[in-house]
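Remarks on the structure that follows.
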Amino acid sequence: MEVTARAPGKIILAGEHAVVHGCAAVASSIDLYTSVSLRLRSEDEDTIKLLLNDIGLDFSWSIRRIKEVLSHLGSPFSLTPTPCSPETVTSLAALVEEQRFPESKIGLASGVYAFLWLYTSILGFKPATVVVSSELPLGAGLGSSAAYCVALSAALLALSAPVELDKSQKGWFTLKAEAELVNKWAFEGEKIIHGRPSGVDNSVSTFGNVIKFKSGVMTRIDSNMPLRMLITNTKVGRDTKALVANVSARKSRHPGVMCSVLNAIEAISDEWCTIIQSNAVDDLCLSANEEKLGELMEMNQGLLFSIGVSHASIETILQTTMKYKLASKLTGAGGGGCVLTLLPTHVSGAVIDKLVEELESFGFQCFTAGIGGKGAQISFDHSS
């Protein structure tokens, strides 16, 4: 039996940075996916293989070696994950270092730690081949690590004994009761990669659609509005911690002004939720709602610029999309990363193609994506 799981990436629609200071933010899934295929092998094959197709890395560990190093994992399987201890992380690092991890890609090593921990915690020491592929760029603020952890957890849990799924189902199906369990395991994987993640990225990837979050509380929002965005990756790396610290420093220097700015950003998040939950009765109403969202994006971007998190590359994208009368804003930490451009229903494919060509001439990378789609999904291969 082979199983494939896929999980979507995410974007922040509104409220980035303000959320750090107790205000609401809104995140959404996008229909760009990370997929994990898992095929269990016969017991005499004695290896666990991990193939990371998009970055050209593959790893193979003997079951015997994994048992030596991770003997405390593997059994008995608990539905509720126990967080990975620092001692276990040290053991995982030893297993990965033995593989002669390329120095140029050492930043990805924690993702392999997460794989080994999730695999042995859920499936124990069964031989298998796991293949990972992704439509999401790494480190661009689109939730690539969360989508990886969610897809990996979903695939592993689908073939674990305590989780009973109907393996005769054909095609992709969305997780229901199992989704909460997948989310818990994925969150533990995210902790191995990021240390102290908020849990938002893995929640959006697991459940899909739109999530509003404030002070650690998440509320699922059912969007009634089909939206498409152009996502432009500046390819400029950013230091999220430094950007967050700079905003905090600005707030301490100008507390009154910054409070007003952050409250204005929260009002934009609230209005986003109101608009996407409303039912557009006709095309005219839909068009009016798209126009309102565009205005909210422009106001949000102006406020983000005012708190010092824009970047020359972001401003280049904003000036380019403005020529086409399209609204844009940065998404995530800023200082590089990605920019969202709302693609209203009336905009033609030819106009989008021309815009993409112009943006790519600057060296940027463009994706078009649907907003607020399904979360983690599973498909069983019945051919083997």
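Labels for the structure tokens follow display order: chains A, B, ..., residues from 1 in each chain, ligands from 1.
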
- All residues 7 Å or closer to Ser134 (chain A), only C-alpha atoms, same chain fewer than 6 positions away omitted, as a list in words: Tyr33, Thr34, Ser35 and Asp54 of chain A

I want to know what sits within 12 Å of Phe101 (chain A), based on only C-alpha atoms, with residues of the same chain fewer than 5 positions away left out; could you give that as a PDB file with C-alpha atoms, in the first residue's frame?
ATOM      1  CA  GLY A  56      18.132  17.089  -4.978  1.00  0.00           C
ATOM      2  CA  LEU A  57      18.822  15.440  -1.615  1.00  0.00           C
ATOM      3  CA  ASP A  58      18.250  11.826  -0.637  1.00  0.00           C
ATOM      4  CA  PHE A  59      19.023   9.936   2.551  1.00  0.00           C
ATOM      5  CA  SER A  60      19.034   6.303   3.594  1.00  0.00           C
ATOM      6  CA  ALA A  93      21.476  15.408  14.598  1.00  0.00           C
ATOM      7  CA  ALA A  94      23.939  12.515  14.864  1.00  0.00           C
ATOM      8  CA  LEU A  95      21.895  10.446  12.380  1.00  0.00           C
ATOM      9  CA  VAL A  96      21.714  13.337   9.928  1.00  0.00           C
ATOM     10  CA  ILE A 106      22.622  22.836   6.178  1.00  0.00           C
ATOM     11  CA  GLY A 107      19.674  25.146   6.963  1.00  0.00           C
ATOM     12  CA  LEU A 108      17.391  22.307   5.860  1.00  0.00           C
ATOM     13  CA  ALA A 109      18.844  19.781   8.324  1.00  0.00           C
ATOM     14  CA  SER A 110      16.166  20.481  10.966  1.00  0.00           C
ATOM     15  CA  VAL A 112      15.269  15.990   8.262  1.00  0.00           C
ATOM     16  CA  TYR A 113      15.363  15.827  12.074  1.00  0.00           C
TER      17      TYR A 113
END

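Of the listed residues (A:Ile192, A:Leu284, A:Ala249, A:Met322), A:Ile192 comes nearest to Val89 (chain A); the distances count only C-alpha atoms.
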
Region 363-374 of chain A: which residues within 9 Å, counting only C-alpha atoms, same-chain residues fewer than 2 positions away excluded, as a tab-separated table (two decimals) with all heavy atoms, in the first residue's frame?
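Produced file part24.tsv, reproduced below:
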chain	number	residue	atom	x	y	z
A	7	ALA	N	-0.52	18.95	1.52
A	7	ALA	CA	-0.96	20.01	2.44
A	7	ALA	C	-0.61	21.36	1.81
A	7	ALA	O	0.45	21.51	1.20
A	7	ALA	CB	-0.28	19.85	3.80
A	8	PRO	N	-1.51	22.34	1.95
A	8	PRO	CA	-1.28	23.64	1.29
A	8	PRO	C	-0.36	24.57	2.06
A	8	PRO	O	-0.19	24.44	3.27
A	8	PRO	CB	-2.70	24.23	1.24
A	8	PRO	CG	-3.38	23.67	2.45
A	8	PRO	CD	-2.82	22.28	2.63
A	10	LYS	N	0.51	28.74	3.03
A	10	LYS	CA	-0.34	29.77	3.63
A	10	LYS	C	0.21	31.17	3.32
A	10	LYS	O	1.38	31.34	3.01
A	10	LYS	CB	-0.43	29.58	5.15
A	10	LYS	CG	0.82	30.00	5.95
A	10	LYS	CD	0.71	31.42	6.47
A	10	LYS	CE	1.91	31.99	7.18
A	10	LYS	NZ	3.22	31.94	6.60
A	11	ILE	N	-0.70	32.13	3.40
A	11	ILE	CA	-0.31	33.54	3.34
A	11	ILE	C	-0.99	34.28	4.49
A	11	ILE	O	-2.02	33.83	4.99
A	11	ILE	CB	-0.71	34.21	2.01
A	11	ILE	CG1	-2.19	33.97	1.71
A	11	ILE	CG2	0.19	33.75	0.87
A	11	ILE	CD1	-2.70	34.74	0.51
A	27	ALA	N	-5.04	34.68	8.29
A	27	ALA	CA	-4.20	33.85	7.43
A	27	ALA	C	-5.09	32.94	6.58
A	27	ALA	O	-6.21	32.61	6.98
A	27	ALA	CB	-3.24	33.01	8.27
A	28	SER	N	-4.59	32.55	5.43
A	28	SER	CA	-5.37	31.73	4.52
A	28	SER	C	-4.50	30.67	3.87
A	28	SER	O	-3.31	30.86	3.66
A	28	SER	CB	-5.96	32.63	3.43
A	28	SER	OG	-6.48	31.87	2.36
A	29	SER	N	-5.13	29.54	3.54
A	29	SER	CA	-4.43	28.53	2.75
A	29	SER	C	-4.37	28.99	1.29
A	29	SER	O	-5.17	29.82	0.86
A	29	SER	CB	-5.16	27.18	2.83
A	29	SER	OG	-6.47	27.30	2.31
A	30	ILE	N	-3.41	28.48	0.55
A	30	ILE	CA	-3.30	28.74	-0.90
A	30	ILE	C	-3.20	27.39	-1.60
A	30	ILE	O	-2.72	26.42	-1.02
A	30	ILE	CB	-2.07	29.62	-1.23
A	30	ILE	CG1	-0.78	29.02	-0.64
A	30	ILE	CG2	-2.28	31.04	-0.74
A	30	ILE	CD1	0.49	29.80	-1.00
A	31	ASP	N	-3.64	27.33	-2.85
A	31	ASP	CA	-3.64	26.04	-3.52
A	31	ASP	C	-2.30	25.72	-4.20
A	31	ASP	O	-2.23	25.35	-5.37
A	31	ASP	CB	-4.83	25.88	-4.47
A	31	ASP	CG	-4.86	26.93	-5.57
A	31	ASP	OD1	-3.94	27.78	-5.62
A	31	ASP	OD2	-5.81	26.90	-6.38
A	32	LEU	N	-1.23	25.91	-3.43
A	32	LEU	CA	0.10	25.41	-3.78
A	32	LEU	C	0.46	24.42	-2.67
A	32	LEU	O	0.33	24.75	-1.49
A	32	LEU	CB	1.12	26.55	-3.82
A	32	LEU	CG	0.87	27.65	-4.87
A	32	LEU	CD1	1.82	28.82	-4.65
A	32	LEU	CD2	1.03	27.10	-6.28
A	174	THR	N	-10.49	14.72	1.89
A	174	THR	CA	-10.08	15.63	2.97
A	174	THR	C	-10.23	14.93	4.31
A	174	THR	O	-11.20	14.21	4.55
A	174	THR	CB	-10.96	16.90	2.94
A	174	THR	OG1	-10.86	17.47	1.63
A	174	THR	CG2	-10.49	17.92	3.96
A	205	SER	N	-2.58	25.00	7.27
A	205	SER	CA	-2.26	23.93	6.32
A	205	SER	C	-3.12	22.68	6.57
A	205	SER	O	-3.52	22.01	5.62
A	205	SER	CB	-0.77	23.57	6.44
A	205	SER	OG	-0.39	22.69	5.40
A	206	THR	N	-3.40	22.38	7.82
A	206	THR	CA	-4.21	21.20	8.14
A	206	THR	C	-5.67	21.39	7.78
A	206	THR	O	-6.29	20.53	7.13
A	206	THR	CB	-4.11	20.87	9.65
A	206	THR	OG1	-2.75	20.64	10.00
A	206	THR	CG2	-4.93	19.62	9.98
A	207	PHE	N	-6.25	22.52	8.21
A	207	PHE	CA	-7.70	22.71	8.09
A	207	PHE	C	-8.11	23.48	6.85
A	207	PHE	O	-9.27	23.45	6.46
A	207	PHE	CB	-8.23	23.41	9.35
A	207	PHE	CG	-8.00	22.64	10.61
A	207	PHE	CD1	-7.06	23.06	11.54
A	207	PHE	CD2	-8.68	21.45	10.86
A	207	PHE	CE1	-6.82	22.34	12.71
A	207	PHE	CE2	-8.45	20.73	12.03
A	207	PHE	CZ	-7.52	21.16	12.94
A	208	GLY	N	-7.17	24.21	6.24
A	208	GLY	CA	-7.50	24.98	5.05
A	208	GLY	C	-8.33	26.21	5.38
A	208	GLY	O	-8.46	26.63	6.52
A	209	ASN	N	-8.90	26.79	4.31
A	209	ASN	CA	-9.75	27.96	4.38
A	209	ASN	C	-9.01	29.13	5.04
A	209	ASN	O	-7.84	29.36	4.78
A	209	ASN	CB	-11.08	27.65	5.08
A	209	ASN	CG	-12.24	28.41	4.42
A	209	ASN	OD1	-12.15	29.59	4.14
A	209	ASN	ND2	-13.32	27.70	4.16
A	210	VAL	N	-9.68	29.87	5.92
A	210	VAL	CA	-9.12	31.10	6.50
A	210	VAL	C	-9.18	31.00	8.02
A	210	VAL	O	-10.15	30.46	8.57
A	210	VAL	CB	-9.92	32.34	6.02
A	210	VAL	CG1	-9.39	33.62	6.65
A	210	VAL	CG2	-9.89	32.44	4.49
A	222	ASP	N	-15.14	30.82	7.53
A	222	ASP	CA	-15.58	30.20	6.27
A	222	ASP	C	-15.76	31.28	5.23
A	222	ASP	O	-16.71	32.08	5.29
A	222	ASP	CB	-16.89	29.43	6.48
A	222	ASP	CG	-16.68	28.17	7.30
A	222	ASP	OD1	-15.62	27.52	7.11
A	222	ASP	OD2	-17.54	27.83	8.13
A	223	SER	N	-14.85	31.32	4.27
A	223	SER	CA	-14.92	32.33	3.22
A	223	SER	C	-15.96	31.92	2.16
A	223	SER	O	-15.98	30.79	1.71
A	223	SER	CB	-13.55	32.49	2.56
A	223	SER	OG	-13.65	33.35	1.44
A	225	MET	N	-16.10	33.75	-0.61
A	225	MET	CA	-15.65	34.58	-1.73
A	225	MET	C	-14.48	33.91	-2.45
A	225	MET	O	-13.41	33.73	-1.88
A	225	MET	CB	-15.21	35.93	-1.17
A	225	MET	CG	-15.11	37.02	-2.19
A	225	MET	SD	-14.85	38.59	-1.34
A	225	MET	CE	-14.47	39.60	-2.76
A	226	PRO	N	-14.66	33.52	-3.71
A	226	PRO	CA	-13.53	32.94	-4.46
A	226	PRO	C	-12.52	34.04	-4.78
A	226	PRO	O	-12.87	35.06	-5.38
A	226	PRO	CB	-14.18	32.40	-5.73
A	226	PRO	CG	-15.43	33.21	-5.90
A	226	PRO	CD	-15.88	33.62	-4.53
A	227	LEU	N	-11.29	33.85	-4.34
A	227	LEU	CA	-10.26	34.88	-4.55
A	227	LEU	C	-9.02	34.24	-5.18
A	227	LEU	O	-8.66	33.11	-4.87
A	227	LEU	CB	-9.85	35.51	-3.22
A	227	LEU	CG	-10.82	36.48	-2.54
A	227	LEU	CD1	-10.27	36.86	-1.17
A	227	LEU	CD2	-11.03	37.72	-3.39
A	228	ARG	N	-8.38	35.03	-6.06
A	228	ARG	CA	-7.10	34.61	-6.60
A	228	ARG	C	-6.08	35.72	-6.34
A	228	ARG	O	-6.41	36.90	-6.40
A	228	ARG	CB	-7.17	34.31	-8.10
A	228	ARG	CG	-7.91	33.01	-8.38
A	228	ARG	CD	-7.74	32.53	-9.81
A	228	ARG	NE	-6.42	31.97	-10.08
A	228	ARG	CZ	-5.98	30.81	-9.62
A	228	ARG	NH1	-6.73	30.07	-8.83
A	228	ARG	NH2	-4.79	30.37	-9.92
A	229	MET	N	-4.87	35.28	-6.05
A	229	MET	CA	-3.78	36.23	-5.81
A	229	MET	C	-2.61	35.88	-6.72
A	229	MET	O	-2.35	34.70	-7.01
A	229	MET	CB	-3.29	36.14	-4.36
A	229	MET	CG	-4.28	36.58	-3.31
A	229	MET	SD	-4.21	38.34	-3.01
A	229	MET	CE	-5.35	38.46	-1.63
A	230	LEU	N	-1.89	36.90	-7.12
A	230	LEU	CA	-0.56	36.71	-7.69
A	230	LEU	C	0.41	36.83	-6.52
A	230	LEU	O	0.37	37.83	-5.78
A	230	LEU	CB	-0.27	37.76	-8.75
A	230	LEU	CG	1.13	37.70	-9.38
A	230	LEU	CD1	1.27	36.46	-10.24
A	230	LEU	CD2	1.40	38.95	-10.20
A	231	ILE	N	1.21	35.82	-6.31
A	231	ILE	CA	2.21	35.85	-5.22
A	231	ILE	C	3.57	36.03	-5.87
A	231	ILE	O	3.99	35.22	-6.70
A	231	ILE	CB	2.17	34.55	-4.39
A	231	ILE	CG1	0.76	34.33	-3.81
A	231	ILE	CG2	3.20	34.59	-3.28
A	231	ILE	CD1	0.58	32.98	-3.15
A	232	THR	N	4.25	37.12	-5.52
A	232	THR	CA	5.56	37.40	-6.10
A	232	THR	C	6.63	37.25	-5.03
A	232	THR	O	6.59	37.94	-4.00
A	232	THR	CB	5.60	38.83	-6.69
A	232	THR	OG1	4.54	38.97	-7.63
A	232	THR	CG2	6.93	39.08	-7.40
A	233	ASN	N	7.55	36.35	-5.28
A	233	ASN	CA	8.67	36.09	-4.36
A	233	ASN	C	9.84	36.99	-4.74
A	233	ASN	O	10.39	36.87	-5.84
A	233	ASN	CB	9.05	34.60	-4.47
A	233	ASN	CG	10.18	34.22	-3.52
A	233	ASN	OD1	10.56	35.00	-2.66
A	233	ASN	ND2	10.71	33.02	-3.68
A	234	THR	N	10.20	37.90	-3.84
A	234	THR	CA	11.33	38.80	-4.12
A	234	THR	C	12.65	38.05	-4.19
A	234	THR	O	13.63	38.55	-4.73
A	234	THR	CB	11.44	39.88	-3.03
A	234	THR	OG1	11.74	39.24	-1.78
A	234	THR	CG2	10.16	40.70	-2.91
A	235	LYS	N	12.68	36.87	-3.58
A	235	LYS	CA	13.92	36.06	-3.40
A	235	LYS	C	14.92	36.76	-2.48
A	235	LYS	O	16.10	36.40	-2.45
A	235	LYS	CB	14.57	35.73	-4.75
A	235	LYS	CG	13.70	34.91	-5.68
A	235	LYS	CD	14.48	34.53	-6.93
A	235	LYS	CE	13.63	33.84	-7.96
A	235	LYS	NZ	14.37	33.64	-9.21
A	313	SER	N	12.85	45.94	-2.82
A	313	SER	CA	12.30	44.94	-3.76
A	313	SER	C	10.77	44.92	-3.69
A	313	SER	O	10.09	44.77	-4.72
A	313	SER	CB	12.85	43.55	-3.44
A	313	SER	OG	12.48	43.15	-2.12
A	317	ILE	N	7.86	45.95	-6.73
A	317	ILE	CA	6.66	45.16	-7.10
A	317	ILE	C	5.41	46.03	-6.99
A	317	ILE	O	4.54	46.00	-7.88
A	317	ILE	CB	6.55	43.91	-6.20
A	317	ILE	CG1	7.72	42.96	-6.47
A	317	ILE	CG2	5.22	43.19	-6.44
A	317	ILE	CD1	7.90	41.86	-5.45
A	343	LEU	N	-6.09	39.58	-7.70
A	343	LEU	CA	-6.47	39.44	-9.11
A	343	LEU	C	-8.00	39.41	-9.19
A	343	LEU	O	-8.62	38.35	-9.05
A	343	LEU	CB	-5.88	38.16	-9.71
A	343	LEU	CG	-4.35	38.06	-9.71
A	343	LEU	CD1	-3.90	36.71	-10.25
A	343	LEU	CD2	-3.72	39.21	-10.51
A	356	VAL	N	3.15	39.43	-15.09
A	356	VAL	CA	4.12	38.41	-14.64
A	356	VAL	C	5.43	38.54	-15.41
A	356	VAL	O	6.52	38.48	-14.83
A	356	VAL	CB	3.52	37.00	-14.80
A	356	VAL	CG1	4.60	35.93	-14.65
A	356	VAL	CG2	2.40	36.77	-13.77
A	359	LEU	N	7.33	41.49	-14.00
A	359	LEU	CA	7.89	41.19	-12.68
A	359	LEU	C	9.07	40.22	-12.77
A	359	LEU	O	10.08	40.38	-12.08
A	359	LEU	CB	6.80	40.63	-11.76
A	359	LEU	CG	5.73	41.63	-11.30
A	359	LEU	CD1	4.56	40.90	-10.65
A	359	LEU	CD2	6.31	42.65	-10.33
A	360	GLU	N	8.94	39.22	-13.62
A	360	GLU	CA	10.02	38.24	-13.77
A	360	GLU	C	11.26	38.85	-14.41
A	360	GLU	O	12.38	38.37	-14.21
A	360	GLU	CB	9.53	37.03	-14.56
A	360	GLU	CG	8.56	36.16	-13.72
A	360	GLU	CD	8.03	34.94	-14.45
A	360	GLU	OE1	8.12	34.91	-15.71
A	360	GLU	OE2	7.52	34.02	-13.77
A	361	SER	N	11.08	39.95	-15.17
A	361	SER	CA	12.24	40.62	-15.78
A	361	SER	C	13.14	41.26	-14.72
A	361	SER	O	14.31	41.52	-14.96
A	361	SER	CB	11.77	41.68	-16.78
A	361	SER	OG	11.24	42.82	-16.11
A	376	ALA	N	-5.37	19.65	4.45
A	376	ALA	CA	-4.65	18.42	4.15
A	376	ALA	C	-5.57	17.37	3.52
A	376	ALA	O	-6.72	17.20	3.94
A	376	ALA	CB	-4.03	17.86	5.43
A	377	GLN	N	-5.05	16.67	2.51
A	377	GLN	CA	-5.79	15.63	1.81
A	377	GLN	C	-4.93	14.38	1.65
A	377	GLN	O	-3.69	14.46	1.69
A	377	GLN	CB	-6.24	16.11	0.45
A	377	GLN	CG	-7.24	17.25	0.47
A	377	GLN	CD	-7.58	17.74	-0.92
A	377	GLN	OE1	-6.75	18.26	-1.63
A	377	GLN	NE2	-8.83	17.55	-1.33

- Task: May I have the residues within 8 Å of Leu355 (chain A) as a count of residues only, using only C-alpha atoms and disregarding those fewer than 2 positions away in the same chain?
- Result: 9

Taking only residues of region 106-174 of chain A that have an atom at most 8 Å from an atom of region 195-203 of chain A, what is each one's shortest atom pair and its distance in Å to one decimal, using only C-alpha atoms, in chain and number order, as a tab-separated table?
residue	atom	partner	partner_atom	distance
A:Gly143	CA	A:Asp201	CA	5.8
A:Ala146	CA	A:Asn202	CA	4.8
A:Ala147	CA	A:Asn202	CA	6.7
A:Cys149	CA	A:Asn202	CA	7.6
A:Val150	CA	A:Asn202	CA	6.5

- Note on the structure: With distances taken over only C-alpha atoms, the candidate from A:Leu304, A:Ala312, A:Leu142, A:Ile268 nearest Lys292 (chain A) is A:Ile268

- Item | CA of Val309 (chain A) to CA of Lys329 (chain A), distance in Å rounded to a single decimal |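 These two atoms are separated by 11.3 Å.
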
- Task: Just list the residues in region 45-83 of chain A DSSP gives strand (DSSP E) on the backbone, as a ChimeraX atom specification.
- Result: /A:47-52,57-62

For the residues in that selection, give me N, CA and C atoms as a PDB file, in the first residue's frame.
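Writing done, so here's again-v9.pdb:
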ATOM      1  N   THR A  47      15.741  -0.642   5.405  1.00  0.00           N
ATOM      2  CA  THR A  47      16.162   0.766   5.295  1.00  0.00           C
ATOM      3  C   THR A  47      14.942   1.693   5.302  1.00  0.00           C
ATOM      4  N   ILE A  48      15.192   2.895   5.791  1.00  0.00           N
ATOM      5  CA  ILE A  48      14.225   3.986   5.642  1.00  0.00           C
ATOM      6  C   ILE A  48      14.888   5.017   4.732  1.00  0.00           C
ATOM      7  N   LYS A  49      14.215   5.314   3.603  1.00  0.00           N
ATOM      8  CA  LYS A  49      14.771   6.257   2.629  1.00  0.00           C
ATOM      9  C   LYS A  49      13.919   7.515   2.582  1.00  0.00           C
ATOM     10  N   LEU A  50      14.594   8.651   2.489  1.00  0.00           N
ATOM     11  CA  LEU A  50      13.920   9.938   2.342  1.00  0.00           C
ATOM     12  C   LEU A  50      14.466  10.619   1.091  1.00  0.00           C
ATOM     13  N   LEU A  51      13.575  10.920   0.141  1.00  0.00           N
ATOM     14  CA  LEU A  51      13.972  11.582  -1.103  1.00  0.00           C
ATOM     15  C   LEU A  51      13.329  12.965  -1.150  1.00  0.00           C
ATOM     16  N   LEU A  52      14.166  14.001  -1.140  1.00  0.00           N
ATOM     17  CA  LEU A  52      13.679  15.385  -1.234  1.00  0.00           C
ATOM     18  C   LEU A  52      13.892  15.844  -2.673  1.00  0.00           C
ATOM     19  N   LEU A  57      18.186  16.142  -2.731  1.00  0.00           N
ATOM     20  CA  LEU A  57      18.822  15.440  -1.615  1.00  0.00           C
ATOM     21  C   LEU A  57      18.109  14.121  -1.364  1.00  0.00           C
ATOM     22  N   ASP A  58      18.876  13.078  -1.070  1.00  0.00           N
ATOM     23  CA  ASP A  58      18.250  11.826  -0.637  1.00  0.00           C
ATOM     24  C   ASP A  58      19.088  11.197   0.465  1.00  0.00           C
ATOM     25  N   PHE A  59      18.399  10.515   1.361  1.00  0.00           N
ATOM     26  CA  PHE A  59      19.023   9.936   2.551  1.00  0.00           C
ATOM     27  C   PHE A  59      18.541   8.508   2.719  1.00  0.00           C
ATOM     28  N   SER A  60      19.398   7.701   3.324  1.00  0.00           N
ATOM     29  CA  SER A  60      19.034   6.303   3.594  1.00  0.00           C
ATOM     30  C   SER A  60      19.682   5.874   4.905  1.00  0.00           C
ATOM     31  N   TRP A  61      18.845   5.361   5.819  1.00  0.00           N
ATOM     32  CA  TRP A  61      19.335   4.885   7.101  1.00  0.00           C
ATOM     33  C   TRP A  61      18.961   3.420   7.273  1.00  0.00           C
ATOM     34  N   SER A  62      19.860   2.642   7.827  1.00  0.00           N
ATOM     35  CA  SER A  62      19.501   1.256   8.129  1.00  0.00           C
ATOM     36  C   SER A  62      18.613   1.246   9.374  1.00  0.00           C
TER      37      SER A  62
END
